[in-house]
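Below: my_file_16.csv (CSV, C-alpha atoms and all ligand atoms)
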```
chain,number,residue,atom,x,y,z
A,15,MET,CA,-143.7,-151.6,2.3
A,16,ILE,CA,-144.8,-148.5,0.4
A,17,LYS,CA,-146.7,-149.2,-2.9
A,18,ASN,CA,-148.4,-147.0,-5.4
A,19,ALA,CA,-151.7,-148.0,-3.9
A,20,SER,CA,-150.6,-146.9,-0.4
A,21,PRO,CA,-152.6,-144.0,1.0
A,22,ILE,CA,-151.6,-140.3,1.1
A,23,GLY,CA,-151.7,-139.2,4.7
A,24,VAL,CA,-153.3,-135.8,5.3
A,25,PHE,CA,-153.6,-134.1,8.7
A,26,ASP,CA,-154.9,-130.9,10.3
A,27,SER,CA,-155.9,-129.8,13.8
A,28,GLY,CA,-159.5,-130.6,12.8
A,29,VAL,CA,-161.9,-130.1,9.9
A,30,GLY,CA,-159.9,-127.3,8.2
A,31,GLY,CA,-157.6,-129.6,6.2
A,32,LEU,CA,-160.7,-131.0,4.5
A,33,SER,CA,-160.6,-128.0,2.2
A,34,VAL,CA,-157.2,-129.3,1.1
A,35,LEU,CA,-158.3,-132.9,1.0
A,36,ALA,CA,-161.2,-131.9,-1.3
A,37,GLU,CA,-158.7,-130.3,-3.7
A,38,LEU,CA,-156.4,-133.4,-3.5
A,39,VAL,CA,-159.3,-135.7,-4.4
A,40,ARG,CA,-160.3,-133.4,-7.3
A,41,GLN,CA,-156.8,-133.4,-8.8
A,42,MET,CA,-156.0,-137.1,-7.9
A,43,PRO,CA,-159.3,-139.1,-7.8
A,44,ASN,CA,-157.5,-142.4,-8.1
A,45,GLU,CA,-155.5,-142.1,-4.9
A,46,ASN,CA,-156.3,-143.6,-1.5
A,47,TYR,CA,-156.3,-141.1,1.4
A,48,ILE,CA,-156.3,-141.2,5.2
A,49,TYR,CA,-157.4,-138.0,6.7
A,50,LEU,CA,-156.5,-137.3,10.4
A,51,GLY,CA,-158.2,-134.4,12.2
A,52,ASP,CA,-156.7,-133.8,15.7
A,53,ARG,CA,-160.0,-132.5,17.1
A,54,LYS,CA,-159.1,-133.5,20.6
A,55,ASN,CA,-156.4,-130.9,20.6
A,56,ALA,CA,-157.8,-128.2,18.2
A,57,PRO,CA,-157.3,-125.3,17.7
A,58,TYR,CA,-153.6,-125.3,17.1
A,59,GLY,CA,-153.3,-121.6,16.4
A,60,SER,CA,-153.3,-120.5,20.0
A,61,ARG,CA,-151.0,-123.3,21.3
A,62,THR,CA,-147.2,-122.9,21.7
A,63,THR,CA,-144.9,-123.8,18.8
A,64,ASP,CA,-143.5,-126.7,20.8
A,65,GLU,CA,-147.0,-128.1,21.4
A,66,VAL,CA,-147.9,-127.8,17.7
A,67,LEU,CA,-144.6,-129.5,16.9
A,68,ARG,CA,-145.3,-132.4,19.3
A,69,LEU,CA,-148.8,-132.9,18.1
A,70,SER,CA,-147.8,-132.8,14.5
A,71,GLU,CA,-145.1,-135.4,15.2
A,72,GLU,CA,-147.8,-137.7,16.8
A,73,ASN,CA,-150.1,-137.2,13.8
A,74,ALA,CA,-147.4,-137.9,11.3
A,75,LYS,CA,-146.3,-141.1,13.1
A,76,ARG,CA,-149.8,-142.4,13.2
A,77,LEU,CA,-150.2,-141.9,9.5
A,78,VAL,CA,-146.8,-143.4,8.6
A,79,ASP,CA,-147.6,-146.4,10.9
A,80,LEU,CA,-150.8,-146.8,8.8
A,81,GLY,CA,-148.7,-147.1,5.7
A,82,ALA,CA,-148.8,-143.5,4.2
A,83,LYS,CA,-146.6,-143.2,1.1
A,84,CYS,CA,-146.6,-139.4,1.5
A,85,LEU,CA,-147.7,-136.8,4.0
A,86,VAL,CA,-149.7,-133.6,3.3
A,87,ILE,CA,-149.6,-131.1,6.2
A,88,ALA,CA,-153.0,-129.6,5.6
A,89,CYS,CA,-152.5,-127.0,8.3
A,90,ASN,CA,-150.6,-123.7,7.8
A,91,THR,CA,-149.8,-123.6,11.6
A,92,ALA,CA,-148.4,-127.1,11.6
A,93,THR,CA,-146.3,-126.5,8.5
A,94,ALA,CA,-144.8,-123.4,10.2
A,95,ALA,CA,-144.0,-125.3,13.4
A,96,ALA,CA,-143.2,-128.8,12.2
A,97,ALA,CA,-142.5,-129.2,8.4
A,98,ASP,CA,-138.7,-129.0,8.7
A,99,SER,CA,-138.6,-131.5,11.6
A,100,LEU,CA,-141.0,-134.0,9.9
A,101,ARG,CA,-138.9,-133.9,6.7
A,102,ARG,CA,-135.8,-134.8,8.8
A,103,THR,CA,-137.7,-137.7,10.6
A,104,TYR,CA,-139.3,-139.1,7.4
A,105,ALA,CA,-136.6,-138.3,4.9
A,106,THR,CA,-137.7,-141.2,2.5
A,107,ILE,CA,-141.2,-140.1,1.8
A,108,PRO,CA,-142.5,-136.9,0.1
A,109,ILE,CA,-143.8,-134.3,2.7
A,110,VAL,CA,-145.8,-131.4,1.4
A,111,GLY,CA,-147.0,-128.6,3.7
A,112,ILE,CA,-149.5,-125.9,2.9
A,113,GLU,CA,-148.4,-122.3,3.3
A,114,PRO,CA,-150.4,-119.1,2.9
A,115,ALA,CA,-150.8,-118.2,-0.8
A,116,VAL,CA,-148.8,-115.0,-0.4
A,117,LYS,CA,-146.8,-115.4,-3.7
A,118,PRO,CA,-149.8,-115.6,-6.1
A,119,ALA,CA,-151.4,-112.6,-4.2
A,120,ALA,CA,-148.2,-110.5,-4.5
A,121,HIS,CA,-148.0,-111.3,-8.3
A,122,SER,CA,-151.6,-110.4,-8.9
A,123,ALA,CA,-153.1,-107.0,-9.8
A,124,CYS,CA,-154.0,-106.5,-6.1
A,125,ARG,CA,-152.4,-103.6,-4.3
A,126,ARG,CA,-153.4,-104.1,-0.6
A,127,VAL,CA,-153.8,-107.7,0.5
A,128,ALA,CA,-154.8,-108.9,4.0
A,129,VAL,CA,-153.1,-112.2,4.9
A,130,LEU,CA,-155.4,-113.9,7.4
A,131,ALA,CA,-153.8,-116.6,9.5
A,132,THR,CA,-153.6,-118.0,13.1
A,133,PRO,CA,-151.4,-116.1,15.6
A,134,ARG,CA,-148.8,-119.0,15.6
A,135,THR,CA,-148.5,-118.9,11.8
A,136,VAL,CA,-148.1,-115.1,11.8
A,137,GLU,CA,-145.4,-115.2,14.5
A,138,SER,CA,-143.4,-117.9,12.7
A,139,ALA,CA,-140.0,-117.3,11.0
A,140,ARG,CA,-141.4,-119.0,7.9
A,141,PHE,CA,-144.2,-116.5,7.6
A,142,SER,CA,-142.0,-113.5,8.1
A,143,GLU,CA,-139.7,-114.8,5.4
A,144,LEU,CA,-142.7,-115.4,3.1
A,145,ILE,CA,-143.9,-111.8,3.5
A,146,ARG,CA,-140.4,-110.4,3.1
A,147,ALA,CA,-139.6,-112.4,0.0
A,148,ASN,CA,-142.9,-111.3,-1.7
A,149,SER,CA,-143.1,-107.7,-0.6
A,150,GLY,CA,-143.0,-105.1,-3.5
A,151,ALA,CA,-145.7,-103.2,-5.3
A,152,CYS,CA,-148.4,-105.1,-3.4
A,153,GLU,CA,-148.8,-104.2,0.3
A,154,LEU,CA,-149.1,-107.4,2.3
A,155,ILE,CA,-150.8,-107.0,5.7
A,156,PRO,CA,-150.5,-109.9,8.2
A,157,VAL,CA,-153.7,-110.3,10.1
A,158,PRO,CA,-153.6,-112.7,13.0
A,159,CYS,CA,-157.1,-114.1,13.8
A,160,PRO,CA,-156.9,-115.6,17.3
A,161,ARG,CA,-160.4,-117.0,17.5
A,162,LEU,CA,-161.5,-117.6,14.0
A,163,ALA,CA,-160.4,-121.3,13.4
A,164,GLY,CA,-161.8,-122.4,16.7
A,165,MET,CA,-165.2,-120.8,15.9
A,166,ILE,CA,-165.3,-122.5,12.5
A,167,GLU,CA,-164.2,-125.8,14.1
A,168,ARG,CA,-167.1,-125.5,16.5
A,169,GLY,CA,-169.6,-124.4,13.8
A,170,GLU,CA,-170.2,-121.0,15.5
A,171,ASP,CA,-171.5,-117.8,13.7
A,172,VAL,CA,-168.5,-115.8,12.6
A,173,ARG,CA,-170.3,-112.8,11.1
A,174,ASP,CA,-169.8,-110.3,13.9
A,175,TYR,CA,-166.2,-111.3,14.4
A,176,LEU,CA,-165.5,-110.7,10.7
A,177,SER,CA,-167.3,-107.4,10.5
A,178,GLU,CA,-165.2,-106.0,13.3
A,179,LEU,CA,-162.0,-107.4,11.8
A,180,PHE,CA,-162.6,-105.9,8.4
A,181,ALA,CA,-163.9,-102.6,9.8
A,182,SER,CA,-160.5,-102.1,11.5
A,183,LEU,CA,-158.5,-103.1,8.4
A,184,GLY,CA,-159.4,-100.4,5.9
A,185,TYR,CA,-159.4,-100.8,2.2
A,186,VAL,CA,-158.1,-104.2,0.8
A,187,ASP,CA,-158.5,-105.6,-2.7
A,188,GLY,CA,-157.2,-109.1,-1.9
A,189,ILE,CA,-157.4,-111.6,0.9
A,190,VAL,CA,-155.1,-114.6,1.5
A,191,LEU,CA,-156.9,-117.4,3.4
A,192,GLY,CA,-153.8,-118.4,5.4
A,193,CYS,CA,-155.5,-121.1,7.5
A,194,THR,CA,-157.3,-124.1,6.0
A,195,HIS,CA,-160.4,-123.5,8.1
A,196,TYR,CA,-161.1,-120.2,6.4
A,197,PRO,CA,-162.3,-121.4,3.0
A,198,PHE,CA,-165.4,-122.7,4.8
A,199,VAL,CA,-166.4,-119.1,5.7
A,200,LYS,CA,-165.4,-117.5,2.4
A,201,ASN,CA,-168.9,-116.2,1.7
A,202,GLU,CA,-169.1,-114.6,5.2
A,203,ILE,CA,-165.7,-113.0,4.6
A,204,LEU,CA,-166.9,-111.5,1.3
A,205,ALA,CA,-170.0,-110.2,3.0
A,206,ALA,CA,-168.0,-108.6,5.8
A,207,VAL,CA,-165.7,-106.9,3.2
A,208,GLY,CA,-168.7,-105.7,1.3
A,209,ARG,CA,-167.1,-105.2,-2.1
A,210,ALA,CA,-165.3,-107.3,-4.7
A,211,VAL,CA,-162.0,-108.7,-3.5
A,212,GLU,CA,-159.8,-111.4,-4.9
A,213,ILE,CA,-159.4,-114.5,-2.7
A,214,PHE,CA,-156.2,-116.6,-2.5
A,215,ASP,CA,-156.2,-120.1,-1.1
A,216,GLY,CA,-153.1,-122.4,-0.9
A,217,ALA,CA,-155.0,-125.6,-1.5
A,218,VAL,CA,-154.8,-125.7,-5.3
A,219,GLY,CA,-151.0,-125.2,-5.2
A,220,THR,CA,-150.5,-127.7,-2.4
A,221,ALA,CA,-152.4,-130.4,-4.2
A,222,ALA,CA,-150.5,-129.7,-7.5
A,223,GLN,CA,-147.2,-129.9,-5.6
A,224,THR,CA,-148.2,-133.2,-4.0
A,225,LYS,CA,-149.0,-134.6,-7.4
A,226,ARG,CA,-145.7,-133.5,-8.8
A,227,ARG,CA,-143.8,-135.0,-5.8
A,228,LEU,CA,-145.6,-138.3,-6.1
A,229,ASP,CA,-145.0,-138.4,-9.9
A,230,ALA,CA,-141.3,-137.6,-9.4
A,231,ALA,CA,-141.0,-140.5,-6.9
A,232,GLY,CA,-142.9,-142.9,-9.2
A,233,LEU,CA,-145.6,-143.2,-6.5
A,234,LEU,CA,-148.8,-142.1,-8.2
A,235,ALA,CA,-151.6,-144.6,-8.0
A,236,ASP,CA,-152.0,-146.9,-11.0
A,237,GLY,CA,-155.7,-146.3,-11.5
A,238,GLY,CA,-159.0,-147.5,-10.1
A,239,GLU,CA,-161.2,-145.7,-7.8
A,240,GLY,CA,-159.6,-144.1,-4.8
A,241,ARG,CA,-160.9,-144.4,-1.2
A,242,VAL,CA,-160.9,-141.9,1.6
A,243,SER,CA,-160.9,-142.9,5.3
A,244,PHE,CA,-161.2,-140.6,8.3
A,245,ILE,CA,-159.7,-140.5,11.8
A,246,SER,CA,-160.7,-138.0,14.5
A,247,THR,CA,-158.5,-138.1,17.6
A,248,ASP,CA,-161.7,-137.4,19.7
A,249,GLY,CA,-163.0,-140.7,18.5
A,250,ASP,CA,-165.8,-139.3,16.3
A,251,ASP,CA,-164.5,-140.3,12.9
A,252,ALA,CA,-168.1,-140.1,11.4
A,253,TYR,CA,-168.3,-136.4,12.2
A,254,ILE,CA,-165.3,-135.7,9.9
A,255,GLU,CA,-166.6,-138.0,7.2
A,256,LYS,CA,-170.0,-136.2,7.3
A,257,PHE,CA,-168.3,-132.8,7.2
A,258,PHE,CA,-166.2,-133.8,4.2
A,259,LYS,CA,-169.3,-134.9,2.2
A,260,GLU,CA,-170.8,-131.5,2.9
A,261,VAL,CA,-167.6,-129.7,2.1
A,262,THR,CA,-167.2,-131.4,-1.3
A,263,LYS,CA,-170.8,-130.7,-2.2
A,264,CYS,CA,-170.3,-127.0,-1.4
A,265,LEU,CA,-166.8,-126.4,-2.8
A,266,PHE,CA,-167.2,-128.6,-5.8
A,267,PRO,CA,-170.9,-129.0,-6.7
A,268,LYS,CA,-170.0,-131.1,-9.8
A,269,MET,CA,-167.7,-133.6,-8.0
B,301,LIG,N1,-156.3,-125.1,9.9
B,301,LIG,C1,-155.1,-124.8,10.6
B,301,LIG,C2,-154.3,-123.8,9.8
B,301,LIG,O1,-154.3,-123.9,8.5
B,301,LIG,C3,-155.1,-124.6,12.1
B,301,LIG,C4,-156.2,-123.9,12.7
B,301,LIG,C5,-156.1,-124.0,14.2
B,301,LIG,O2,-156.2,-125.2,14.7
B,301,LIG,O3,-155.9,-123.0,14.9
B,301,LIG,O4,-153.5,-123.0,10.3
```
Kindly present the structure from the file in C-alpha cells form.
Ligand code: DGL
Amino acid sequence: MIKNASPIGVFDSGVGGLSVLAELVRQMPNENYIYLGDRKNAPYGSRTTDEVLRLSEENAKRLVDLGAKCLVIACNTATAAAADSLRRTYATIPIVGIEPAVKPAAHSACRRVAVLATPRTVESARFSELIRANSGACELIPVPCPRLAGMIERGEDVRDYLSELFASLGYVDGIVLGCTHYPFVKNEILAAVGRAVEIFDGAVGTAAQTKRRLDAAGLLADGGEGRVSFISTDGDDAYIEKFFKEVTKCLFPKM
C-alpha cells in the first residue's frame, strides 16, 4: 500500500540521473528515494527506441514492486521513448519525466542555443515538438552527441570530443544539457566553448514538478530525515552510492 513515507523511485541508464536525484534531495530532503541505474544496459542513447522502451518498463516495474509512490524518469532518452507508455501502465501514481530545458532557453536573452542530447532523444517526436513549439527569436540547434554519455558513464576524458564538437558548431551563447549525464562535464563544456555561455539543465524544473505532483496527490513525506538507497543492474550498488556522494559534494558543496 502506498503511504507518504513510501519512496520516490528514480531511474536512468546509469549514473546520469544522479544529477536529478541530487536536485530532488535538495528540494525534498524529507523524502525516501530508491535510485536505479541500469548500468548493465547503458548507454541508452544509441539503442533502438523499442529497446529503451522495454528497459524503461523493466526499471519502472522493479521500482513499483519495491513500493514506489511516484516515478521520476531521470533520463531524457527514456522519457522520449517510454513516458507515455509508463503513464498508461501506472495510471494511479505520479510519473514525472525529465525533458531538455528548451523552454527556459528559448525565453532567455540567448540568441543561438545548442541543445545537446543523445541521438535517440534528438530523433524522437517529443523532441521535434519541443523544438517546434519553442522556436522564435532564439535559434535552437539540436546537437546529437552519440558517444558523450557513454564516455561520462565510463569516466573517460571528454575534452577532445567536446573541443571538436564546439569547433564545428560556431557561435552559441546558450547550451541546453539535454542528457542527465552532461551536468557532470559542465566545466569541460565551458572550457571547450571558451567564452561565457548560459547553461540550461532540466533537473531543477523536474524536481519542482515532482514536488507539485506529490503535493497535489497528498503524498509528500510527513517529515523526518529522508533516506536514499541505490540499485545498479550490474550488481555494483556501492559504485552508484559512491558516485552520488561525490556528485552532491561537487554540485551542492553546502548540502
Ligand atoms: N542520461 C540519459 C539521458 O538523459 C541517457 C544517456 C545514455 O544512456 O545514453 O538521456
*Taking all atoms listed in the file into account, which residues are within 10 Å of ligand LIG 301 (chain B), as a PyMOL selection string?*
chain A and resi 25-34+51-53+55-61+66+87-94+111-114+130-136+159-167+191-197+216
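Atom CA of Val157 of chain A lies 18.3 Å from atom CA of Thr63 of chain A.
Closest to Ser20 of chain A among A:Glu65, A:Asp174, A:Glu72, A:Glu45 is A:Glu45, based on only C-alpha atoms.
Closest approach to Gln223 of chain A among A:Val110, A:Pro21, A:Ala105, A:Ser177 is made by A:Val110 (distances from all atoms listed in the file).
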*asked:* With all atoms listed in the file as the counted atoms, please give the residues lying no more than 9 Å from Asn148 of chain A, apart from itself and same-chain residues fewer than 4 positions off, as a ChimeraX atom specification.
replied: /A:116-117,119-121,143-144,152,154
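Atom CA of Ala115 of chain A lies 12.6 Å from atom CA of Ala147 of chain A.
Of note, atom CA of Ala221 of chain A and atom CA of Ala36 of chain A are spaced 9.4 Å apart.
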*asked:* Ranking A:Leu228, A:Leu265, A:Cys124, A:Val199 by minimum distance to Glu170 of chain A and counting all atoms listed in the file, which one comes first?
replied: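 Answer, going by the shortest atom-to-atom distance: A:Val199.
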